[in-house]
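The block underneath contains the structure these notes are about, expressed in structure tokens.
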There are 4 protein chains.
Amino acid sequence: MKPIRKNFGSDNVGPVSPAIMAAMVEANTGAVPSYGGDQWTAQLAALTRDVFETEVEVFSVATGTAANALALSALVPPYGAVYCDSSAHVDTDECGAPEFFTGGAKLLGLPSYDGRLSPAALRAHLEASRAIGVHKSKPTAITITQATEWGTVYALDEVQAIGETAQSLGLSLHMDGARFANAMATLGCSPAEITWKAGVDVLSLGATKNGAMAAEAVVFFRRDLAVEFARRRKRAGHLWSKARFLSAQLIAYLSDDLWLRNARQANAMALRLAQGLVRIRGARLLHEVQSNEVFVVLPEPVIGRLEAAGFLFYRWYLPAGQTLEAGTASVRLVTGLDTEAADVDALLDAAVLEPAVV
Amino acid sequence: MKPIRKNFGSDNVGPVSPAIMAAMVEANTGAVPSYGGDQWTAQLAALTRDVFETEVEVFSVATGTAANALALSALVPPYGAVYCDSSAHVDTDECGAPEFFTGGAKLLGLPSYDGRLSPAALRAHLEASRAIGVHKSKPTAITITQATEWGTVYALDEVQAIGETAQSLGLSLHMDGARFANAMATLGCSPAEITWKAGVDVLSLGATKNGAMAAEAVVFFRRDLAVEFARRRKRAGHLWSKARFLSAQLIAYLSDDLWLRNARQANAMALRLAQGLVRIRGARLLHEVQSNEVFVVLPEPVIGRLEAAGFLFYRWYLPAGQTLEAGTASVRLVTGLDTEAADVDALLDAAVLEPAVV
Amino acid sequence: MKPIRKNFGSDNVGPVSPAIMAAMVEANTGAVPSYGGDQWTAQLAALTRDVFETEVEVFSVATGTAANALALSALVPPYGAVYCDSSAHVDTDECGAPEFFTGGAKLLGLPSYDGRLSPAALRAHLEASRAIGVHKSKPTAITITQATEWGTVYALDEVQAIGETAQSLGLSLHMDGARFANAMATLGCSPAEITWKAGVDVLSLGATKNGAMAAEAVVFFRRDLAVEFARRRKRAGHLWSKARFLSAQLIAYLSDDLWLRNARQANAMALRLAQGLVRIRGARLLHEVQSNEVFVVLPEPVIGRLEAAGFLFYRWYLPAGQTLEAGTASVRLVTGLDTEAADVDALLDAAVLEPAVV
Amino acid sequence: MKPIRKNFGSDNVGPVSPAIMAAMVEANTGAVPSYGGDQWTAQLAALTRDVFETEVEVFSVATGTAANALALSALVPPYGAVYCDSSAHVDTDECGAPEFFTGGAKLLGLPSYDGRLSPAALRAHLEASRAIGVHKSKPTAITITQATEWGTVYALDEVQAIGETAQSLGLSLHMDGARFANAMATLGCSPAEITWKAGVDVLSLGATKNGAMAAEAVVFFRRDLAVEFARRRKRAGHLWSKARFLSAQLIAYLSDDLWLRNARQANAMALRLAQGLVRIRGARLLHEVQSNEVFVVLPEPVIGRLEAAGFLFYRWYLPAGQTLEAGTASVRLVTGLDTEAADVDALLDAAVLEPAVV
């Protein structure tokens with residue numbers, strides 16, 4: 001098997017940030033109360049409140065799928081529907097987890113070019129749906145992904161517009177923040193501004209793609225929606241008996257700006273990568289690079305050279321309405337907290353040069 | 001708040017075994033394939049095969065509730081029923097997780113004195129149920145707990161008898177092994193003998209109560225039942241992207257007899273505790289102590305002295321048919337890998353002496 | 001096959017009352033609005049309001065299983081639990097329908113002698129459950145069966161006591177009224193008194209066992225609980241497009257006291273039957289006969305004579321704590337609107353005489 | 001309120017065929033075995049076998065939603081996905097019933113112009129899905145609607161092509177035959193040819209839209225898929241105790257060609273309607289009229305005249321890719337067994353003439 005030079009396949013493949021691993025080791029003192037009665041879990045609650053500048057209810061789980069699906073199950077009844085972008089991870093890559101956790105609610109994926117839901121499309125669909133009455137699942141929530149699946153970031157006024165739409169339509173608003181830190185590193189606003197102040201009711205705050213081992217936080221800004229969430233988490237098998245080890249990860253993540261530092265590094269490397277790739281003849285970016293993902297059309301020979309040189313990444317489907325020029329393909333490249341400038345430059349070199357015999 | 005002298009409340013409160021923590025730190029190398037495509041996950045599969053001396057399918061998850069409920073969902077259809085002892089954790093303490101994961105199957109709890117299902121009771125109930133036809137959920141599986149919720153251990157011939165019963169009735173057999181290591185430390189047989197050779201189809205192999213941070217393995221001896229289990233795990237949010245950190249815990253757990261060494265320590269301490277307690281006037285054991293739990297009736301003054309001295313434990317309900325003498329109460333004491341002889345002796349001393357002012 | 005003399009097996013086997021069949025035929029005029037927009041459905045709403053002397057929300061479905069399971073799904077979240085008597089049809093004879101419709105809630109069957117829940121048992125169980133927190137499904141509702149599965153009837157003050165218990169514990173109260181008319185025919189109070197005035201929130205008002213073809217009404221006295229019930233019914237496939245034919249059955253049922261007249265006939269025949277049977281040497285009633293079911297221990301020779309004479313009925317399990325004298329068995333005999341005195345007397349004759357050659 | 005001249009709104013609003021009503025009245029003899037142990041249910045099984053010229057398992061339910069959702073629950077696991085046309089009733093108008101009955105499986109709606117799935121689109125989507133592995137729900141079934149939601153009919157070779165595609169891809173094939181009779185009346189082949197001989201595994205055989213009161217049959221051609229279907233029906237509340245009244249409807253429906261006679265009448269009236277409408281200046285059909293539905297673009301003044309004259313019908317959404325000329329709208333007109341030539345001609349007259357004062 002060819003040795004991997006650098007893995008640009010996903011931000012799921014990377015290491016745990018040293019500070020997070022150290023926090024877990026440090027939390028391994030003797031016996032402490034189980035199931036979240038420990039001091040770390042209390043500290044995480046306080047810290048989350050500080051980060052978001054408001055009272056919140058926060059629940060830790062180990063995976064993003066659990067965070068999203070549990071959050072939606074608190075917002076959407078079994079006979080309900082939730083609007084999302086048609087590219088949304090909850091609809092396309094979680095093997096029906098939202099349907100499972102909600103007891104069979106429907107996901108209504110609305111198409112877009114770059115993963116950002118449009119308030120106008122939401123309004124139009126909802127009006128048509130309401131006319132049909134009980135034959136349609138009842139739209140009750142919206143979920144948006146920040147940063148989106150296409151690596152773009154909703155601007156503050158865009159989230160605000162969706163928040164206002166949700167409120168005027170009587171829908172609750174969930175944000176899938178698997179890459180929330182990457183979005184924050186790009187936006188010039190506070191966590192509070194882009195979430196609850198803009199109308200977000202519940203946030204899945206991701207950490208695993210950005211340095212945690214396995215830790216995500218479900219953050220309820222509308223605390224009334226969190227009633228009995230603890231039971232939902234328990235019966236889904238997502239309550240850890242040694243809960244301190246989830247909390248310790250998230251405390252370290254949110255402390256000393258680690259989450260933002262990691263995200264800034266990943267974002268900067270994605271930008272460096274994009275800026276280099278677009279200089280290649282025949283290459284074109286499919287989306288603006290606003291977080292840590294680069295979607296680019298490349299000539300097949302370029303792709304071949306990169307693969308031959310041991311770089312790992314995936315061929316990807318095209319956004320709606322795009323077609324490929326002959327002899328090209330679309331790929332996705334993802335950077336992470338452990339991507340270095342040298343990695344990017346090595347890839348850019350390999351893209352234009354014949355690979356040396358390895 | 002009174003300082004805790006020693007926590008005998010649960011084996012969930014304890015620390016992570018140093019070897020397991022070290023294995024997690026060591027697994028934190030650079031980028032590796034995600035979602036179980038890593039070398040640790042492959043190694044765990046091989047190691048589990050070795051421990052159980054047969055081909056198996058093994059799936060890691062973070063909690064015992066997830067392990068049990070996912071395992072049952074692979075055995076029992078939504079219109080099915082699963083027999084368990086009426087004390088079983090799956091029925092009494094998982095907030096309906098089996099019902100959730102199976103899509104609404106029924107748990108049929110049969111009563112016993114000490115947590116051990118009787119083949120005769122199984123047969124009798126099944127025959128009555130079958131006579132009713134489609135109005136009854138279809139019995140399709142049995143789940144037994146080893147060691148039981150009352151700290152007792154099924155002997156090899158007892159598991160074999162249930163295995164034969166299951167086979168003759170056309171039911172599959174699951175073993176909740178949250179404290180499997182504690183049972184193994186007591187039994188004089190091999191893991192293979194007490195599981196698949198005795199008719200067990202699927203085992204929830206616990207590690208969290210016995211030294212892991214958050215790791216349990218669902219081990220399929222009947223590998224045909226594991227088809228699409230990976231999708232069930234994924235949609236339940238129990239597939240870790242950085243799966244190596246689950247696998248690494250379990251590898252360390254099963255290596256160098258760590259699982260058995262931890263369990264032997266806990267069991268020995270439970271026995272020492274029981275032997276001391278029964279010498280107290282008015283004390284009596286409710287069950288034979290065969291693993292790491294002691295269920296005992298104690299005079300209230302004794303309980304008061306222990307609480308005053310800072311020992312943590314829970315008052316517990318009585319097994320069927322038992323009644324309390326006036327001035328006594330029933331309590332549960334649990335030992336763990338971190339319980340030392342000095343802890344036990346301190347408790348025994350406190351039980352008979354007036355507490356010093358702390 | 002031996003010809004059946006008379007079927008005492010169940011009240012499910014009987015005919016449709018002529019008045020109900022006539023109403024269906026009469027409703028078969030031309031095109032009318034579908035899905036309940038018709039005049040019959042409006043009339044049923046008004047009629048139900050009159051019968052119960054209060055504002056209600058009423059929804060028709062074709063079966064008792066649907067009525068009960070849908071009603072419970074409106075009261076109990078997936079992480080919830082519902083208390084019932086351990087003999088309750090919802091728990092024992094609906095193949096897990098409540099678990100299916102609620103998304104995996106738990107049924108907690110409390111034992112009794114004659115099918116009547118005791119407030120004291122409810123309180124005791126709830127207190128124990130609350131102490132365990134999120135590890136237990138959250139008790140949220142009680143369901144009682146009127147008349148009970150053992151043919152007994154809750155007295156007015158007994159329902160009131162359960163209603164008060166429910167309210168003081170914060171639980172909602174459902175009544176499975178599959179044989180509500182039989183209970184009403186025995187009780188000396190109004191439908192309003194035994195339901196919402198006594199604390200019942202939702203009633204499954206049965207008609208199928210008592211003269212309808214296939215029609216039951218879910219009657220919400222707490223109308224806030226009916227929000228979105230129409231969607232639950234739709235997605236369960238229980239909204240008829242030609243809804244008038246459900247409504248027409250129930251209108252005829254509730255008109256001109258048909259429901260009570262049918263029930264009185266059945267009850268009177270059960271009483272006649274019981275009074276005759278107890279005169280047989282070796283026979284003893286297991287429960288007071290308060291509706292249309294007779295549970296009786298009979299000598300095997302008597303049972304043999306009845307079977308030989310072509311009477312249909314079932315051998316039945318014993319209530320808790322009962323044992324059988326040698327040479328006897330326990331049977332259930334059910335009367336219906338089509339049971340005549342001559343049928344009962346023929347059975348009583350056959351019980352004591354050798355059967356003639358048929 | 002304006003009196004309705006004729007209801008072209010839906011085939012759900014019509015009457016019960018006299019022969020079907022008579023059969024129900026006739027079935028109302030005395031006590032017969034409940035839950036399908038009766039002679040009508042046995043006769044229906046034999047008759048269905050005759051109609052389809054093969055061994056089948058047949059189960060009656062009262063609604064099309066129940067028939068479809070139950071059938072899909074027998075084909076698709078909770079972690080599965082089912083392909084359908086994006087216009088399919090199961091996906092758009094059953095309030096999430098398939099998601100409920102399957103325990104959260106996904107419906108994957110593929111777009112088409114006229115409601116007919118394309119084998120090529122199926123293949124392409126499946127290949128893409130398989131590459132993603134456990135992150136995608138597992139495609140396990142296809143459902144097609146015959147006649148389609150747009151009133152078109154799959155030709156025999158088209159169903160065969162989908163059947164072959166299903167088989168080669170390892171998917172099972174369900175046919176939603178809510179208007180199966182209307183399709184049969186158009187096609188020149190046998191029921192056997194267009195179903196199991198063409199690869200259909202399970203058929204929802206509709207009767208309610210075409211003359212029954214409330215009766216649909218789930219017909220399993222692959223009888224192995226019907227295992228435990230009886231339990232699924234029971235726990236969904238769709239097993240009638242007085243099952244004879246479902247069976248009697250379907251027996252009458254399938255006897256003496258009633259189903260085909262009713263459908264031929266409705267189809268003929270739809271054709272007459274379409275032929276008249278296209279003569280109106282500015283009118284154009286959106287789809288070929290092959291069953292009992294007409295989708296047509298009409299000038300607003302025409303629509304206004306029809307509404308003013310008391311004809312009932314619905315404005316409808318456009319098929320993909322269509323746009324409206326200014327001053328026109330799209331409507332759906334549905335005919336039924338009770339539509340007469342005089343009704344159609346009255347509508348056509350009203351369309352071109354100013355309405356008289358009614």
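Ordering of the structure tokens sets the chain letters (A, B, ...), residue numbers begin anew at 1 in every chain, and ligands are numbered from 1 in the order given.
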
Near chain C, meaning an atom within 8 Å, which residues of chain B appear when counting only C-alpha atoms? Write them as an MDAnalysis selection string. chainID B and resid 78:79 92:96 99:100 103:106 134:138

Just-selected residues, C-alpha atoms written as a compact mmCIF listing (two decimals), in the first residue's frame:
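Below is the file that was written, selection_1.txt:
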```txt
# COMPACT_ATOMS: atom_id res chain seq x y z
CA PRO B 78 -40.81 -4.42 16.47
CA TYR B 79 -43.65 -6.91 16.90
CA THR B 92 -35.71 -1.29 34.76
CA ASP B 93 -32.91 1.23 34.30
CA GLU B 94 -32.46 2.18 30.67
CA CYS B 95 -35.43 4.53 30.29
CA GLY B 96 -36.99 2.38 27.60
CA GLU B 99 -38.23 -0.28 23.27
CA PHE B 100 -36.71 2.67 21.42
CA GLY B 103 -39.19 0.07 17.47
CA GLY B 104 -41.51 -0.92 20.27
CA ALA B 105 -40.82 -4.55 21.13
CA LYS B 106 -41.93 -5.75 24.53
CA VAL B 134 -51.16 -12.41 16.83
CA HIS B 135 -52.59 -10.60 19.84
CA LYS B 136 -49.31 -11.20 21.66
CA SER B 137 -45.95 -9.80 20.68
CA LYS B 138 -43.93 -12.68 19.30
```

Can you list, as JSON, numbers by chain, every protein, DNA or RNA residue that comes within 8 Å of range 261-274 of chain A when you count only C-alpha atoms, leaving out same-chain residues fewer than 4 positions away? {"A": [181, 182, 185, 186, 210, 211, 257, 278, 285, 289, 290, 291, 292, 293, 294, 334, 335, 336, 337, 338, 339, 340, 341, 344, 345, 348]}

Check range 11-130 of chain D with DSSP on the backbone and list each residue it calls alpha helix (DSSP H), as a ChimeraX atom specification. /D:18-27,39-52,64-75,89-92,97-102,119-130

Let's have the selection written as an mmCIF file, in the first residue's frame, with C-alpha atoms.
```cif
data_model
loop_
_atom_site.group_PDB
_atom_site.id
_atom_site.type_symbol
_atom_site.label_atom_id
_atom_site.label_comp_id
_atom_site.auth_asym_id
_atom_site.auth_seq_id
_atom_site.Cartn_x
_atom_site.Cartn_y
_atom_site.Cartn_z
ATOM 1 C CA PRO D 18 -74.709 -1.068 -4.351
ATOM 2 C CA ALA D 19 -73.365 -4.592 -4.770
ATOM 3 C CA ILE D 20 -70.724 -3.954 -2.137
ATOM 4 C CA MET D 21 -73.210 -2.499 0.321
ATOM 5 C CA ALA D 22 -75.497 -5.439 -0.283
ATOM 6 C CA ALA D 23 -72.679 -7.852 0.434
ATOM 7 C CA MET D 24 -72.036 -6.205 3.788
ATOM 8 C CA VAL D 25 -75.681 -6.432 4.725
ATOM 9 C CA GLU D 26 -75.740 -10.044 3.679
ATOM 10 C CA ALA D 27 -72.654 -10.844 5.777
ATOM 11 C CA GLN D 39 -65.728 -17.991 5.720
ATOM 12 C CA TRP D 40 -65.661 -14.637 3.893
ATOM 13 C CA THR D 41 -61.996 -14.182 4.654
ATOM 14 C CA ALA D 42 -61.259 -17.671 3.398
ATOM 15 C CA GLN D 43 -63.266 -16.977 0.259
ATOM 16 C CA LEU D 44 -61.394 -13.733 -0.366
ATOM 17 C CA ALA D 45 -58.096 -15.591 -0.224
ATOM 18 C CA ALA D 46 -59.307 -18.043 -2.840
ATOM 19 C CA LEU D 47 -60.744 -15.333 -5.039
ATOM 20 C CA THR D 48 -57.560 -13.260 -4.959
ATOM 21 C CA ARG D 49 -55.622 -16.333 -5.952
ATOM 22 C CA ASP D 50 -57.939 -16.788 -8.899
ATOM 23 C CA VAL D 51 -57.723 -13.173 -10.006
ATOM 24 C CA PHE D 52 -53.926 -13.226 -9.916
ATOM 25 C CA GLY D 64 -54.874 2.907 1.389
ATOM 26 C CA THR D 65 -52.466 4.588 3.755
ATOM 27 C CA ALA D 66 -52.518 1.510 5.970
ATOM 28 C CA ALA D 67 -52.098 -0.822 3.001
ATOM 29 C CA ASN D 68 -49.097 1.053 1.657
ATOM 30 C CA ALA D 69 -47.363 1.728 4.924
ATOM 31 C CA LEU D 70 -47.844 -1.796 6.252
ATOM 32 C CA ALA D 71 -46.645 -3.279 2.982
ATOM 33 C CA LEU D 72 -43.521 -1.135 3.010
ATOM 34 C CA SER D 73 -42.848 -2.057 6.637
ATOM 35 C CA ALA D 74 -42.652 -5.687 5.550
ATOM 36 C CA LEU D 75 -40.090 -4.841 2.864
ATOM 37 C CA HIS D 89 -48.685 9.573 -2.447
ATOM 38 C CA VAL D 90 -46.678 7.622 0.135
ATOM 39 C CA ASP D 91 -44.125 10.411 0.206
ATOM 40 C CA THR D 92 -46.315 13.460 -0.196
ATOM 41 C CA ALA D 97 -47.054 6.960 7.488
ATOM 42 C CA PRO D 98 -44.267 4.944 5.810
ATOM 43 C CA GLU D 99 -41.713 6.478 8.156
ATOM 44 C CA PHE D 100 -43.947 5.594 11.108
ATOM 45 C CA PHE D 101 -44.644 2.014 10.103
ATOM 46 C CA THR D 102 -41.072 1.227 9.053
ATOM 47 C CA PRO D 119 -34.872 2.424 -14.311
ATOM 48 C CA ALA D 120 -31.862 4.473 -15.353
ATOM 49 C CA ALA D 121 -32.436 6.991 -12.581
ATOM 50 C CA LEU D 122 -32.814 4.165 -10.073
ATOM 51 C CA ARG D 123 -29.540 2.592 -11.109
ATOM 52 C CA ALA D 124 -27.629 5.853 -10.995
ATOM 53 C CA HIS D 125 -28.878 6.781 -7.551
ATOM 54 C CA LEU D 126 -28.251 3.347 -6.118
ATOM 55 C CA GLU D 127 -24.669 3.241 -7.302
ATOM 56 C CA ALA D 128 -23.909 6.606 -5.768
ATOM 57 C CA SER D 129 -25.576 5.584 -2.545
ATOM 58 C CA ARG D 130 -23.709 2.303 -2.226
#
```

Would you pick out the contacts of Gly188 in chain B at 12 Å or less, using only C-alpha atoms, so that residues sharing its chain but fewer than 2 positions from it are not included, and give the list as a ChimeraX atom specification? /B:153-157,182-186,190-194

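You can rank A:Arg223, A:Lys242, A:Lys209, A:Arg5 by their closest distance to Ser17 in chain A using only C-alpha atoms, and at the top of that list sits A:Lys209.
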
Write out as a PyMOL selection string the residues lying within 10 Å of Ala350 in chain A, counting only C-alpha atoms and excluding same-chain residues fewer than 4 positions away. chain A and resi 302-311+344-346+354-356

Please produce a file of the residues just selected, as a compact mmCIF listing (two decimals), in the first residue's frame, where the atoms kept are N, CA and C atoms.
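Wrote it out as part36.txt, contents follow:
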```txt
# COMPACT_ATOMS: atom_id res chain seq x y z
N VAL A 302 -4.05 16.10 -13.23
CA VAL A 302 -3.67 16.69 -11.94
C VAL A 302 -4.09 15.78 -10.79
N ILE A 303 -5.33 15.32 -10.89
CA ILE A 303 -5.83 14.40 -9.85
C ILE A 303 -4.96 13.15 -9.79
N GLY A 304 -4.61 12.66 -10.96
CA GLY A 304 -3.78 11.47 -11.01
C GLY A 304 -2.43 11.69 -10.35
N ARG A 305 -1.84 12.86 -10.59
CA ARG A 305 -0.53 13.14 -9.97
C ARG A 305 -0.65 13.22 -8.45
N LEU A 306 -1.70 13.83 -7.98
CA LEU A 306 -1.89 13.94 -6.53
C LEU A 306 -2.08 12.58 -5.89
N GLU A 307 -2.88 11.75 -6.54
CA GLU A 307 -3.09 10.40 -6.00
C GLU A 307 -1.79 9.61 -6.01
N ALA A 308 -1.08 9.74 -7.10
CA ALA A 308 0.18 9.00 -7.21
C ALA A 308 1.17 9.44 -6.15
N ALA A 309 1.08 10.70 -5.79
CA ALA A 309 2.02 11.23 -4.80
C ALA A 309 1.62 10.89 -3.36
N GLY A 310 0.46 10.23 -3.22
CA GLY A 310 0.10 9.77 -1.88
C GLY A 310 -0.81 10.71 -1.10
N PHE A 311 -1.41 11.65 -1.80
CA PHE A 311 -2.35 12.52 -1.10
C PHE A 311 -3.75 11.88 -1.13
N VAL A 344 0.36 21.61 2.54
CA VAL A 344 -0.35 22.24 1.43
C VAL A 344 0.61 22.48 0.26
N ASP A 345 1.76 22.98 0.59
CA ASP A 345 2.71 23.30 -0.47
C ASP A 345 3.18 22.04 -1.18
N ALA A 346 3.33 20.98 -0.42
CA ALA A 346 3.73 19.71 -1.03
C ALA A 346 2.66 19.24 -2.01
N GLU A 354 5.50 16.05 -12.15
CA GLU A 354 5.44 14.60 -12.17
C GLU A 354 5.92 14.09 -10.82
N PRO A 355 5.29 13.08 -10.27
CA PRO A 355 5.74 12.58 -8.98
C PRO A 355 7.09 11.88 -9.10
N ALA A 356 7.90 12.07 -8.13
CA ALA A 356 9.13 11.29 -8.05
C ALA A 356 8.76 9.85 -7.74
```

Pick the closest to Tyr314 in chain A from D:Ala131, D:Val296, D:Ala88, D:Leu225: which is it, counting only C-alpha atoms? D:Ala131

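As for CA of Met213 in chain D and CA of Gln249 in chain D, they are spaced 7.5 Å apart.
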
DSSP on the backbone, then: every residue of range 15-239 of chain B marked strand (DSSP E or B), written as number ranges by chain. B: 57-61, 80-85, 106-110, 138-145, 172-177, 202-206, 216-220

What does the distance from CA of Gln146 in chain C to CA of Arg233 in chain D come to in Å, to one decimal? 25.4 Å

Give me the residues near Leu108 in chain B as a ChimeraX atom specification, where near means some atom within 9 Å (using only C-alpha atoms) and where sequence neighbours in that chain fewer than 5 positions away do not count. /B:81-86,91,139

Would you write out those residues with N, CA and C atoms, as a PDB file, in the first residue's frame?
```pdb
ATOM      1  N   ALA B  81     -41.044  -9.878  21.242  1.00  0.00           N
ATOM      2  CA  ALA B  81     -40.888  -9.741  22.687  1.00  0.00           C
ATOM      3  C   ALA B  81     -39.604 -10.437  23.099  1.00  0.00           C
ATOM      4  N   VAL B  82     -39.037  -9.943  24.185  1.00  0.00           N
ATOM      5  CA  VAL B  82     -37.803 -10.517  24.684  1.00  0.00           C
ATOM      6  C   VAL B  82     -37.984 -10.833  26.166  1.00  0.00           C
ATOM      7  N   TYR B  83     -37.652 -12.048  26.515  1.00  0.00           N
ATOM      8  CA  TYR B  83     -37.748 -12.460  27.914  1.00  0.00           C
ATOM      9  C   TYR B  83     -36.527 -11.991  28.691  1.00  0.00           C
ATOM     10  N   CYS B  84     -36.794 -11.511  29.894  1.00  0.00           N
ATOM     11  CA  CYS B  84     -35.687 -11.158  30.770  1.00  0.00           C
ATOM     12  C   CYS B  84     -36.127 -11.424  32.205  1.00  0.00           C
ATOM     13  N   ASP B  85     -35.167 -11.397  33.097  1.00  0.00           N
ATOM     14  CA  ASP B  85     -35.523 -11.418  34.505  1.00  0.00           C
ATOM     15  C   ASP B  85     -36.136 -10.071  34.863  1.00  0.00           C
ATOM     16  N   SER B  86     -37.081 -10.099  35.792  1.00  0.00           N
ATOM     17  CA  SER B  86     -37.769  -8.837  36.105  1.00  0.00           C
ATOM     18  C   SER B  86     -36.840  -7.823  36.748  1.00  0.00           C
ATOM     19  N   ASP B  91     -34.683  -3.653  31.442  1.00  0.00           N
ATOM     20  CA  ASP B  91     -36.107  -3.384  31.661  1.00  0.00           C
ATOM     21  C   ASP B  91     -36.333  -2.289  32.685  1.00  0.00           C
ATOM     22  N   PRO B 139     -42.587 -13.775  21.011  1.00  0.00           N
ATOM     23  CA  PRO B 139     -41.326 -13.980  21.739  1.00  0.00           C
ATOM     24  C   PRO B 139     -40.232 -14.420  20.768  1.00  0.00           C
TER      25      PRO B 139
END
```

In Å, rounded to a single decimal, give me how far CA of Gly30 in chain A is from CA of Val16 in chain B.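 One can read the CA of Val16 in chain B to CA of Gly30 in chain A distance as 8.7 Å.
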
One residue among A:Leu298, A:Val159, A:Ala214, A:Ala226 is nearest to Trp240 in chain A when using only C-alpha atoms, and that residue is A:Ala214
